[in-house]
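Q: Input file: target_10.txt. Contents: compact mmCIF, C-alpha atoms.
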```
# COMPACT_ATOMS: atom_id res chain seq x y z
CA MET A 1 -20.10 19.33 12.20
CA LYS A 2 -19.38 19.12 15.92
CA ASP A 3 -23.02 19.18 16.99
CA ALA A 4 -23.88 16.44 14.51
CA PHE A 5 -20.82 14.43 15.57
CA LEU A 6 -21.91 14.51 19.20
CA LYS A 7 -25.53 13.70 18.34
CA TYR A 8 -25.24 10.97 15.73
CA GLN A 9 -21.86 9.27 16.19
CA ALA A 10 -21.44 7.06 19.23
CA GLN A 11 -18.87 8.49 21.63
CA THR A 12 -16.15 6.67 23.55
CA THR A 13 -15.59 9.38 26.17
CA PRO A 14 -17.65 12.28 27.53
CA HIS A 15 -15.21 14.83 26.10
CA PRO A 16 -13.74 13.81 22.70
CA LEU A 17 -11.09 16.08 21.19
CA ALA A 18 -13.47 16.74 18.25
CA MET A 19 -10.93 18.11 15.79
CA GLU A 20 -12.70 18.58 12.44
CA ILE A 21 -10.51 16.94 9.79
CA SER A 22 -10.09 18.18 6.23
CA HIS A 23 -7.22 16.01 5.01
CA ALA A 24 -3.93 14.44 6.08
CA LYS A 25 -0.61 13.96 4.32
CA GLY A 26 2.81 12.82 5.44
CA SER A 27 3.35 13.74 9.09
CA TYR A 28 0.51 16.27 9.20
CA VAL A 29 -3.23 16.31 9.79
CA TYR A 30 -5.19 19.39 8.64
CA ASP A 31 -8.43 20.74 10.08
CA ILE A 32 -11.23 22.37 8.09
CA LYS A 33 -9.73 25.83 8.73
CA GLY A 34 -6.48 24.78 7.07
CA LYS A 35 -4.45 24.56 10.28
CA ALA A 36 -1.68 21.92 10.18
CA TYR A 37 -1.05 19.57 13.09
CA LEU A 38 2.22 17.67 13.35
CA ASP A 39 1.25 14.10 14.18
CA PHE A 40 3.23 12.48 17.02
CA VAL A 41 0.65 9.69 17.43
CA ALA A 42 0.06 8.20 13.94
CA GLY A 43 -3.51 7.17 14.64
CA VAL A 44 -2.32 5.38 17.81
CA SER A 45 0.56 3.55 16.07
CA ALA A 46 -1.58 2.65 13.04
CA CYS A 47 -0.22 4.90 10.28
CA SER A 48 3.27 3.43 9.97
CA LEU A 49 4.07 5.30 6.75
CA GLY A 50 2.31 8.48 7.73
CA HIS A 51 -0.81 9.78 6.03
CA SER A 52 -1.69 9.09 2.39
CA HIS A 53 1.67 7.53 1.56
CA PRO A 54 1.83 7.43 -2.25
CA LYS A 55 2.74 3.73 -2.48
CA VAL A 56 -0.17 2.77 -0.24
CA VAL A 57 -2.60 5.05 -2.05
CA ASN A 58 -1.51 3.73 -5.45
CA ALA A 59 -1.93 0.13 -4.28
CA ILE A 60 -5.45 0.94 -3.09
CA LYS A 61 -6.36 2.68 -6.38
CA GLU A 62 -5.02 -0.20 -8.48
CA GLN A 63 -7.04 -2.74 -6.52
CA LEU A 64 -10.20 -0.60 -6.65
CA ASP A 65 -10.22 -0.99 -10.43
CA LYS A 66 -10.05 -4.80 -10.19
CA TYR A 67 -12.50 -5.95 -7.53
CA LEU A 68 -13.66 -5.27 -4.00
CA HIS A 69 -15.18 -7.89 -1.71
CA VAL A 70 -16.19 -11.03 -3.61
CA MET A 71 -16.48 -13.86 -1.05
CA VAL A 72 -16.13 -14.63 2.64
CA TYR A 73 -12.58 -15.21 3.85
CA GLY A 74 -10.76 -18.37 2.84
CA GLU A 75 -12.86 -19.57 -0.09
CA TYR A 76 -11.50 -17.76 -3.15
CA ILE A 77 -7.88 -17.14 -4.07
CA GLN A 78 -7.39 -13.37 -4.01
CA LYS A 79 -3.90 -12.25 -4.94
CA PRO A 80 -3.47 -9.31 -2.50
CA ALA A 81 -4.30 -11.46 0.54
CA LEU A 82 -2.19 -14.37 -0.70
CA GLU A 83 0.83 -12.15 -1.42
CA LEU A 84 0.49 -10.47 1.98
CA THR A 85 0.42 -13.76 3.89
CA LYS A 86 3.39 -15.05 1.89
CA LEU A 87 5.41 -11.93 2.73
CA ILE A 88 4.52 -12.19 6.42
CA ALA A 89 5.71 -15.81 6.43
CA HIS A 90 8.91 -14.82 4.65
CA HIS A 91 9.81 -12.46 7.48
CA LEU A 92 8.90 -14.79 10.34
CA PRO A 93 11.00 -17.71 11.61
CA GLU A 94 9.87 -21.26 10.93
CA PRO A 95 7.38 -22.76 11.54
CA LEU A 96 5.32 -19.54 11.61
CA GLU A 97 3.93 -19.62 8.10
CA SER A 98 0.12 -19.67 8.14
CA THR A 99 -1.69 -16.35 8.63
CA TYR A 100 -5.37 -15.75 9.23
CA LEU A 101 -6.33 -12.22 8.14
CA VAL A 102 -9.11 -10.47 10.06
CA ASN A 103 -10.55 -6.99 10.47
CA SER A 104 -8.91 -5.65 13.63
CA GLY A 105 -6.36 -6.36 16.31
CA THR A 106 -8.95 -7.41 18.85
CA GLU A 107 -10.48 -9.91 16.42
CA ALA A 108 -7.01 -11.34 15.87
CA ILE A 109 -6.68 -11.76 19.64
CA GLU A 110 -10.03 -13.54 19.76
CA GLY A 111 -8.94 -15.86 16.96
CA SER A 112 -5.64 -16.64 18.65
CA LEU A 113 -7.38 -17.55 21.91
CA LYS A 114 -9.77 -19.87 20.09
CA LEU A 115 -6.87 -21.46 18.23
CA ALA A 116 -4.91 -22.08 21.43
CA ARG A 117 -7.88 -23.72 23.15
CA ARG A 118 -8.68 -25.81 20.08
CA PHE A 119 -5.06 -26.91 19.63
CA THR A 120 -4.39 -27.86 23.25
CA GLY A 121 -7.82 -29.06 24.32
CA ARG A 122 -7.34 -26.94 27.46
CA SER A 123 -9.28 -23.89 28.64
CA GLU A 124 -7.04 -21.90 31.01
CA ILE A 125 -5.64 -18.67 29.57
CA ILE A 126 -2.93 -16.72 31.41
CA ALA A 127 -2.47 -13.01 30.72
CA ALA A 128 -0.39 -10.31 32.37
CA LYS A 129 -1.60 -7.83 34.91
CA HIS A 130 -2.09 -4.35 33.44
CA ALA A 131 -2.36 -5.81 29.94
CA TYR A 132 -4.49 -4.50 27.12
CA HIS A 133 -5.35 -6.73 24.16
CA GLY A 134 -8.51 -5.08 22.86
CA ASN A 135 -12.08 -4.48 23.94
CA THR A 136 -14.26 -7.25 22.58
CA MET A 137 -15.53 -9.80 25.10
CA GLY A 138 -12.64 -12.25 24.90
CA SER A 139 -9.97 -9.56 24.78
CA LEU A 140 -11.66 -7.68 27.62
CA SER A 141 -11.64 -10.88 29.68
CA LEU A 142 -7.84 -10.82 29.62
CA MET A 143 -7.72 -7.55 31.58
CA ASP A 144 -7.24 -7.39 35.34
CA TYR A 145 -8.83 -3.93 35.57
CA GLU A 146 -11.97 -4.97 37.42
CA GLU A 147 -13.57 -1.54 37.24
CA ARG A 148 -13.45 -1.71 33.43
CA LYS A 149 -14.76 -5.28 33.30
CA GLN A 150 -17.47 -5.06 35.95
CA PRO A 151 -20.22 -3.49 33.80
CA PHE A 152 -19.89 -6.29 31.23
CA LEU A 153 -19.74 -9.39 33.44
CA PRO A 154 -19.85 -12.33 33.07
CA LEU A 155 -16.91 -12.57 30.65
CA ILE A 156 -15.16 -15.72 29.46
CA PRO A 157 -14.00 -18.00 32.30
CA ASP A 158 -10.67 -19.60 33.19
CA ILE A 159 -8.53 -16.47 32.92
CA LYS A 160 -5.61 -16.06 35.32
CA HIS A 161 -3.02 -13.29 35.64
CA ILE A 162 0.70 -13.07 36.22
CA GLU A 163 2.94 -10.08 36.85
CA PHE A 164 4.82 -8.98 33.74
CA ASN A 165 8.58 -9.52 34.25
CA SER A 166 8.03 -11.70 37.35
CA GLU A 167 9.96 -14.96 37.07
CA GLU A 168 8.35 -16.25 40.24
CA ASP A 169 4.92 -16.09 38.61
CA LEU A 170 6.01 -18.42 35.81
CA ASN A 171 5.20 -21.34 38.12
CA LYS A 172 1.53 -20.47 37.61
CA ILE A 173 1.88 -21.73 34.03
CA THR A 174 1.00 -25.44 34.29
CA GLU A 175 -0.22 -28.41 32.28
CA LYS A 176 -3.73 -26.97 32.66
CA THR A 177 -2.72 -23.86 30.72
CA ALA A 178 -3.88 -23.59 27.11
CA ALA A 179 -2.01 -20.36 26.41
CA VAL A 180 0.00 -17.54 27.85
CA ILE A 181 -0.70 -14.28 26.06
CA LEU A 182 1.52 -11.24 26.54
CA GLU A 183 2.21 -7.95 24.84
CA THR A 184 5.81 -7.95 23.66
CA ILE A 185 6.03 -4.46 25.19
CA GLN A 186 3.17 -3.63 27.54
CA GLY A 187 1.36 -0.73 25.88
CA GLY A 188 -1.50 0.69 27.92
CA ALA A 189 0.42 0.06 31.15
CA GLY A 190 3.17 2.49 30.17
CA PHE A 191 5.36 0.95 27.40
CA ILE A 192 7.03 -1.52 29.76
CA GLU A 193 9.76 -3.62 28.14
CA PRO A 194 10.59 -7.20 29.15
CA THR A 195 13.74 -7.50 31.28
CA ASN A 196 16.20 -10.25 32.26
CA SER A 197 15.29 -12.47 29.28
CA TYR A 198 11.73 -12.62 30.59
CA LEU A 199 10.08 -13.55 27.30
CA THR A 200 12.66 -16.27 26.69
CA LYS A 201 11.81 -17.76 30.08
CA VAL A 202 8.08 -17.59 29.37
CA GLN A 203 8.65 -19.43 26.09
CA GLN A 204 10.69 -22.10 27.86
CA ARG A 205 8.02 -22.58 30.52
CA CYS A 206 5.28 -22.85 27.89
CA ASN A 207 7.31 -25.44 26.00
CA ALA A 208 7.83 -27.43 29.19
CA VAL A 209 4.11 -27.71 30.00
CA GLY A 210 2.71 -27.81 26.46
CA ALA A 211 1.08 -24.38 26.56
CA VAL A 212 0.81 -22.10 23.53
CA PHE A 213 2.85 -18.89 23.75
CA ILE A 214 1.01 -15.95 22.13
CA LEU A 215 2.65 -12.56 21.62
CA ASP A 216 0.55 -9.49 20.91
CA GLU A 217 2.54 -7.41 18.41
CA ILE A 218 -0.32 -5.04 17.58
CA GLN A 219 1.59 -1.98 18.85
CA PRO A 220 5.30 -2.98 18.76
CA GLY A 221 5.08 -4.83 15.45
CA ILE A 222 5.68 -3.81 11.83
CA GLY A 223 9.03 -2.12 12.34
CA ARG A 224 8.24 0.39 15.06
CA THR A 225 10.88 -0.96 17.49
CA GLY A 226 13.67 -1.22 14.93
CA LYS A 227 12.81 -4.83 14.08
CA LEU A 228 9.88 -5.95 12.00
CA PHE A 229 8.48 -7.79 15.01
CA GLY A 230 9.19 -6.56 18.51
CA PHE A 231 9.96 -10.05 19.81
CA GLU A 232 13.07 -10.13 17.61
CA ASN A 233 14.65 -7.76 20.14
CA TYR A 234 14.25 -10.21 23.02
CA ASN A 235 15.58 -13.62 21.91
CA CYS A 236 12.28 -15.46 21.90
CA GLN A 237 9.80 -16.96 19.47
CA PRO A 238 6.07 -17.26 20.06
CA ASP A 239 3.78 -20.02 18.80
CA ILE A 240 1.24 -17.43 17.64
CA VAL A 241 2.01 -13.86 16.57
CA VAL A 242 -0.81 -11.32 16.57
CA THR A 243 -0.52 -8.15 14.47
CA GLY A 244 -2.78 -5.25 13.50
CA LYS A 245 -2.62 -1.44 13.57
CA GLY A 246 0.55 -0.55 11.65
CA LEU A 247 0.18 -3.42 9.19
CA GLY A 248 -2.71 -1.79 7.35
CA GLY A 249 -1.12 1.48 6.25
CA GLY A 250 -4.10 3.38 7.63
CA LEU A 251 -6.81 0.82 6.85
CA PRO A 252 -8.35 -1.61 9.39
CA ILE A 253 -6.64 -4.99 9.67
CA GLY A 254 -5.65 -7.72 12.07
CA ALA A 255 -3.79 -10.99 11.64
CA PHE A 256 -2.65 -13.99 13.63
CA THR A 257 0.10 -16.29 12.41
CA ALA A 258 0.99 -19.81 13.56
CA SER A 259 2.42 -23.05 12.20
CA LYS A 260 0.43 -24.76 9.47
CA PRO A 261 -0.49 -27.80 11.63
CA MET A 262 -1.71 -25.54 14.43
CA MET A 263 -3.70 -23.24 12.15
CA ASP A 264 -5.33 -26.20 10.42
CA CYS A 265 -7.16 -26.89 13.70
CA LEU A 266 -9.56 -24.08 12.80
CA SER A 267 -10.53 -25.72 9.50
CA ASP A 268 -12.02 -28.94 10.86
CA ASN A 269 -13.77 -30.40 13.93
CA PRO A 270 -15.63 -28.12 13.61
CA LYS A 271 -15.28 -26.77 10.13
CA LEU A 272 -15.27 -22.97 10.03
CA GLY A 273 -13.67 -22.80 13.48
CA HIS A 274 -13.20 -19.09 12.87
CA ILE A 275 -15.23 -17.15 10.34
CA THR A 276 -14.85 -13.59 9.07
CA THR A 277 -16.69 -12.06 6.15
CA PHE A 278 -14.35 -9.18 5.34
CA GLY A 279 -11.03 -10.52 6.63
CA GLY A 280 -8.44 -10.41 3.86
CA ASN A 281 -10.44 -7.73 2.02
CA PRO A 282 -8.53 -7.19 -1.23
CA VAL A 283 -8.27 -3.41 -0.93
CA ILE A 284 -7.04 -3.58 2.65
CA ALA A 285 -4.67 -6.44 1.83
CA ALA A 286 -3.23 -4.41 -1.06
CA ALA A 287 -2.62 -1.47 1.29
CA ALA A 288 -1.02 -3.77 3.87
CA LEU A 289 1.18 -5.43 1.25
CA ALA A 290 2.45 -2.04 0.04
CA THR A 291 3.07 -0.99 3.65
CA LEU A 292 4.96 -4.15 4.54
CA LYS A 293 7.07 -3.99 1.37
CA GLU A 294 8.04 -0.37 2.00
CA ILE A 295 9.03 -1.03 5.60
CA THR A 296 11.05 -4.17 4.83
CA GLU A 297 12.71 -2.85 1.67
CA SER A 298 13.75 0.56 3.07
CA ASN A 299 15.87 1.76 5.98
CA LEU A 300 12.86 2.87 8.04
CA MET A 301 13.40 0.23 10.72
CA SER A 302 17.02 1.16 11.40
CA LEU A 303 16.08 4.84 11.28
CA ALA A 304 13.46 4.23 13.99
CA LEU A 305 16.31 3.70 16.47
CA VAL A 306 18.10 6.85 15.28
CA LYS A 307 14.90 8.85 15.64
CA GLU A 308 14.38 7.42 19.13
CA GLN A 309 17.70 8.91 20.22
CA LEU A 310 16.78 12.24 18.63
CA ILE A 311 13.53 12.32 20.61
CA ARG A 312 15.33 11.44 23.83
CA LYS A 313 17.91 14.15 23.19
CA HIS A 314 15.39 16.91 22.54
CA LEU A 315 12.90 15.95 25.27
CA LYS A 316 15.27 16.53 28.16
CA HIS A 317 13.33 18.71 30.58
CA LYS A 318 12.85 18.97 34.32
CA HIS A 319 9.17 18.01 33.96
CA ILE A 320 9.96 14.88 31.90
CA LYS A 321 10.87 12.29 34.50
CA GLU A 322 11.35 9.26 32.26
CA ILE A 323 10.99 8.07 28.66
CA ARG A 324 10.09 4.41 28.22
CA GLY A 325 9.92 2.22 25.18
CA ARG A 326 12.00 1.45 22.12
CA GLY A 327 12.31 2.91 18.64
CA LEU A 328 9.24 4.95 17.79
CA MET A 329 7.10 3.34 20.48
CA LEU A 330 7.84 5.79 23.30
CA ALA A 331 6.08 7.20 26.34
CA ALA A 332 7.29 10.31 28.15
CA PHE A 333 6.29 10.59 31.81
CA THR A 334 5.62 13.75 33.77
CA GLN A 335 5.18 13.89 37.55
CA SER A 336 1.38 14.03 37.44
CA ALA A 337 -1.68 13.11 35.43
CA GLU A 338 -2.82 16.74 35.54
CA LEU A 339 0.41 17.98 33.98
CA THR A 340 0.25 15.33 31.27
CA SER A 341 -3.34 16.23 30.34
CA THR A 342 -2.56 19.94 30.30
CA LEU A 343 0.38 19.33 27.98
CA ILE A 344 -1.59 17.14 25.57
CA LEU A 345 -4.46 19.63 25.30
CA ARG A 346 -2.20 22.69 24.93
CA ALA A 347 -0.11 20.87 22.33
CA GLN A 348 -3.16 20.44 20.12
CA ASP A 349 -3.77 24.19 20.32
CA ARG A 350 -0.13 24.69 19.21
CA GLY A 351 -0.44 22.33 16.26
CA LEU A 352 1.01 19.14 17.73
CA ILE A 353 -0.94 15.89 18.16
CA LEU A 354 -0.13 13.97 21.35
CA PHE A 355 -2.28 11.44 23.19
CA TRP A 356 -2.70 9.54 26.42
CA LEU A 357 -1.96 5.91 27.27
CA LEU A 358 -4.92 3.81 28.30
CA PHE A 359 -4.00 2.99 31.90
CA GLU A 360 -1.01 5.20 32.78
CA PRO A 361 -2.25 8.77 33.32
CA LYS A 362 1.21 10.32 33.67
CA ALA A 363 2.36 9.10 30.26
CA ILE A 364 2.40 10.99 26.96
CA ARG A 365 2.16 8.76 23.90
CA ILE A 366 4.88 9.47 21.32
CA THR A 367 4.37 7.11 18.40
CA PRO A 368 4.85 9.21 15.25
CA PRO A 369 4.86 7.82 11.71
CA MET A 370 8.06 5.95 10.91
CA THR A 371 8.46 8.35 7.98
CA ILE A 372 8.65 11.45 10.19
CA SER A 373 11.69 13.62 9.40
CA ASN A 374 14.38 14.64 11.84
CA ASP A 375 13.34 18.29 11.51
CA GLU A 376 9.74 17.39 12.30
CA ILE A 377 10.87 15.47 15.39
CA VAL A 378 12.90 18.43 16.62
CA GLU A 379 9.97 20.79 16.01
CA GLY A 380 7.55 18.56 17.89
CA CYS A 381 9.92 18.25 20.83
CA ARG A 382 10.38 22.05 20.81
CA ILE A 383 6.62 22.53 21.13
CA ILE A 384 6.49 20.08 24.04
CA THR A 385 9.36 21.68 25.96
CA SER A 386 8.09 25.20 25.34
CA ILE A 387 4.72 24.28 26.83
CA LEU A 388 6.45 22.64 29.79
CA ASP A 389 8.50 25.83 30.28
CA GLU A 390 5.28 27.82 30.55
CA ILE A 391 3.72 25.36 32.99
```
Output the file's structure in the form of structure tokens.

A:
Amino acid sequence: MKDAFLKYQAQTTPHPLAMEISHAKGSYVYDIKGKAYLDFVAGVSACSLGHSHPKVVNAIKEQLDKYLHVMVYGEYIQKPALELTKLIAHHLPEPLESTYLVNSGTEAIEGSLKLARRFTGRSEIIAAKHAYHGNTMGSLSLMDYEERKQPFLPLIPDIKHIEFNSEEDLNKITEKTAAVILETIQGGAGFIEPTNSYLTKVQQRCNAVGAVFILDEIQPGIGRTGKLFGFENYNCQPDIVVTGKGLGGGLPIGAFTASKPMMDCLSDNPKLGHITTFGGNPVIAAAALATLKEITESNLMSLALVKEQLIRKHLKHKHIKEIRGRGLMLAAFTQSAELTSTLILRAQDRGLILFWLLFEPKAIRITPPMTISNDEIVEGCRIITSILDEI
């Protein structure tokens, strides 16, 4: 299959890992030779309940027997999507109650930017330096990595940048600003948490100048940090919450949630202010609903913090210089990009899936399924430290 994969399927890098997958279950992915790989990445934070979780699979099968896509988003009442949006609202503080379901995290970012501009009548968007919000044109415009943007210029205008955790930069948020968009925890930059009540101060500044405060919860959301939404750890409340990845239980999804009056701006002047054909797809919504119910009705969120401490305990090694993040959104740092790459590649040979972060070459992504067992965590850490011993 590898030759066909390289010939017919568009590639994102010159050297993909090219593991040939047979099946996946629980915390393991299996190749076509039957080799098991312990998954410490969870599809880049997407498979919150691991692979082929029975409650998610059953929800999908039940919906398959009823109907698949029947109409573009927002026209027909489809129970899975309605129940999902109701449950999201139930777990968010007022007035965050209206959710627009889309197909991916980056589309949810695009929708949130449009909503903020439509609601405020302003155009300026402020994002953080070293941020990553997706790779479509609007999301790409939010980056400050010029070498990544240059081949695709011109992008959308009126984007400015502030330093994450810099209080001094908050003065750049003015009455010209439509929205400030931040990751609750900066992902691609190295799992950088907000400090000194930074997000609270951003919220206060946005309120003072009438700007919309958007938080990107695509990676830290859906229980991975010990709270359902990462912002609950930092004493703040956004005007728009963007989710994706872990919400879908392994299927593609995105969502952005705001107050009802704000969200209604997309329904008129012009009508169809945002359109998506497959957003709220009933099969995907059923999978997301089962995922969200399992996470909120179990002890998985509190266990994420216990498992974090277990990882930190068993990843003590002279070559691990720092572990950043919270819960099961962690990044372990070595002293060099070369060492990190060597470790990730050797780990795959040993049956452990690790991965890189987008912009921080020294970091090792550790974002396993929330359902991973303590024994599996210890085994994965053992593989990492044994490889580091050899290096």

Q: At a cut-off of 10 Å, using all atoms listed in the file, what residues contact range 67-83 of chain A? Leave out same-chain residues fewer than 4 positions from it and give the result as an MDAnalysis selection string.

A: chainID A and resid 59 62:63 87:89 99:102 267 272 274:290

Q: Return the single residue from A:Leu6, A:Ile156, A:Ala332, A:Ala42 that is closest to Lys114 in chain A, with distances computed using all atoms listed in the file.

A: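 Closest residue, counting all atoms listed in the file: A:Ile156.
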
Q: When distances are computed from only C-alpha atoms, which of A:Val44, A:Ala128, A:Leu199, A:Ile391 shows the smallest separation from Leu330 in chain A?

A: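 Nearest to Leu330 in chain A: A:Val44.
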
Q: Do a neighbour search on Ile320 in chain A at 9 Å with only C-alpha atoms, toss out local chain neighbours closer than 5 positions, and write the hits as a PyMOL selection string.

A: chain A and resi 315+332-335+388

Q: Between A:Lys313, A:Lys149, A:Lys201, A:His133, single out the one closest to Asp216 in chain A, counting all atoms listed in the file.

A: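 Checking each candidate against Asp216 in chain A, we get A:His133 as the closest.
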
Q: Could you tell me how far CA of Glu146 in chain A lies from CA of Glu183 in chain A, in Å and to one decimal?

A: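 Rounded to one decimal, the two atoms are 19.2 Å apart.
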
Q: For Val378 in chain A, which of A:Glu94, A:Phe40, A:Thr195, A:Asp158 is the closest residue, counting all atoms listed in the file?

A: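 Of all the options, A:Phe40 lies closest to Val378 in chain A.
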
Q: Counting all atoms listed in the file, figure out which residue out of A:Ile253, A:Arg117, A:Ala10, A:Val29 gets nearest to Cys265 in chain A.

A: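 Closest to Cys265 in chain A, using all atoms listed in the file: A:Arg117.
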
Q: Just how far from CA of Phe152 in chain A is CA of Ala363 in chain A, in Å to one decimal?

A: 27.1 Å

Q: For Ala36 in chain A, list every protein, DNA or RNA residue within 12 Å, evaluated using only C-alpha atoms, and leave out those in the same chain fewer than 3 positions away; present the list as a PyMOL selection string.

A: chain A and resi 19-33+39+348-353

Q: Please produce, as a tab-separated table, a per-residue contact table for range 209-325 of chain A versus range 171-174 of chain A (criterion: any atom at most 10 Å away, all atoms listed in the file considered), showing the nearest atom pair and its distance in Å to one decimal, sorted by chain then residue number.

A:
```
residue	atom	partner	partner_atom	distance
A:Val209	CA	A:Thr174	CA	5.8
A:Gly210	CA	A:Thr174	CA	8.4
A:Ala211	CA	A:Thr174	CA	7.8
```

Q: Report, in Å to a single decimal, how far apart CA of Ser45 in chain A and CA of His161 in chain A are.

A: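 Pair CA of His161 in chain A / CA of Ser45 in chain A returns 26.1 Å.
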
Q: Residues within 12 Å of (14.9, 16.1, 13.7), file coordinates, counting only C-alpha atoms: what are they? Give the list as a PyMOL selection string.

A: chain A and resi 303-304+306-315+371-382
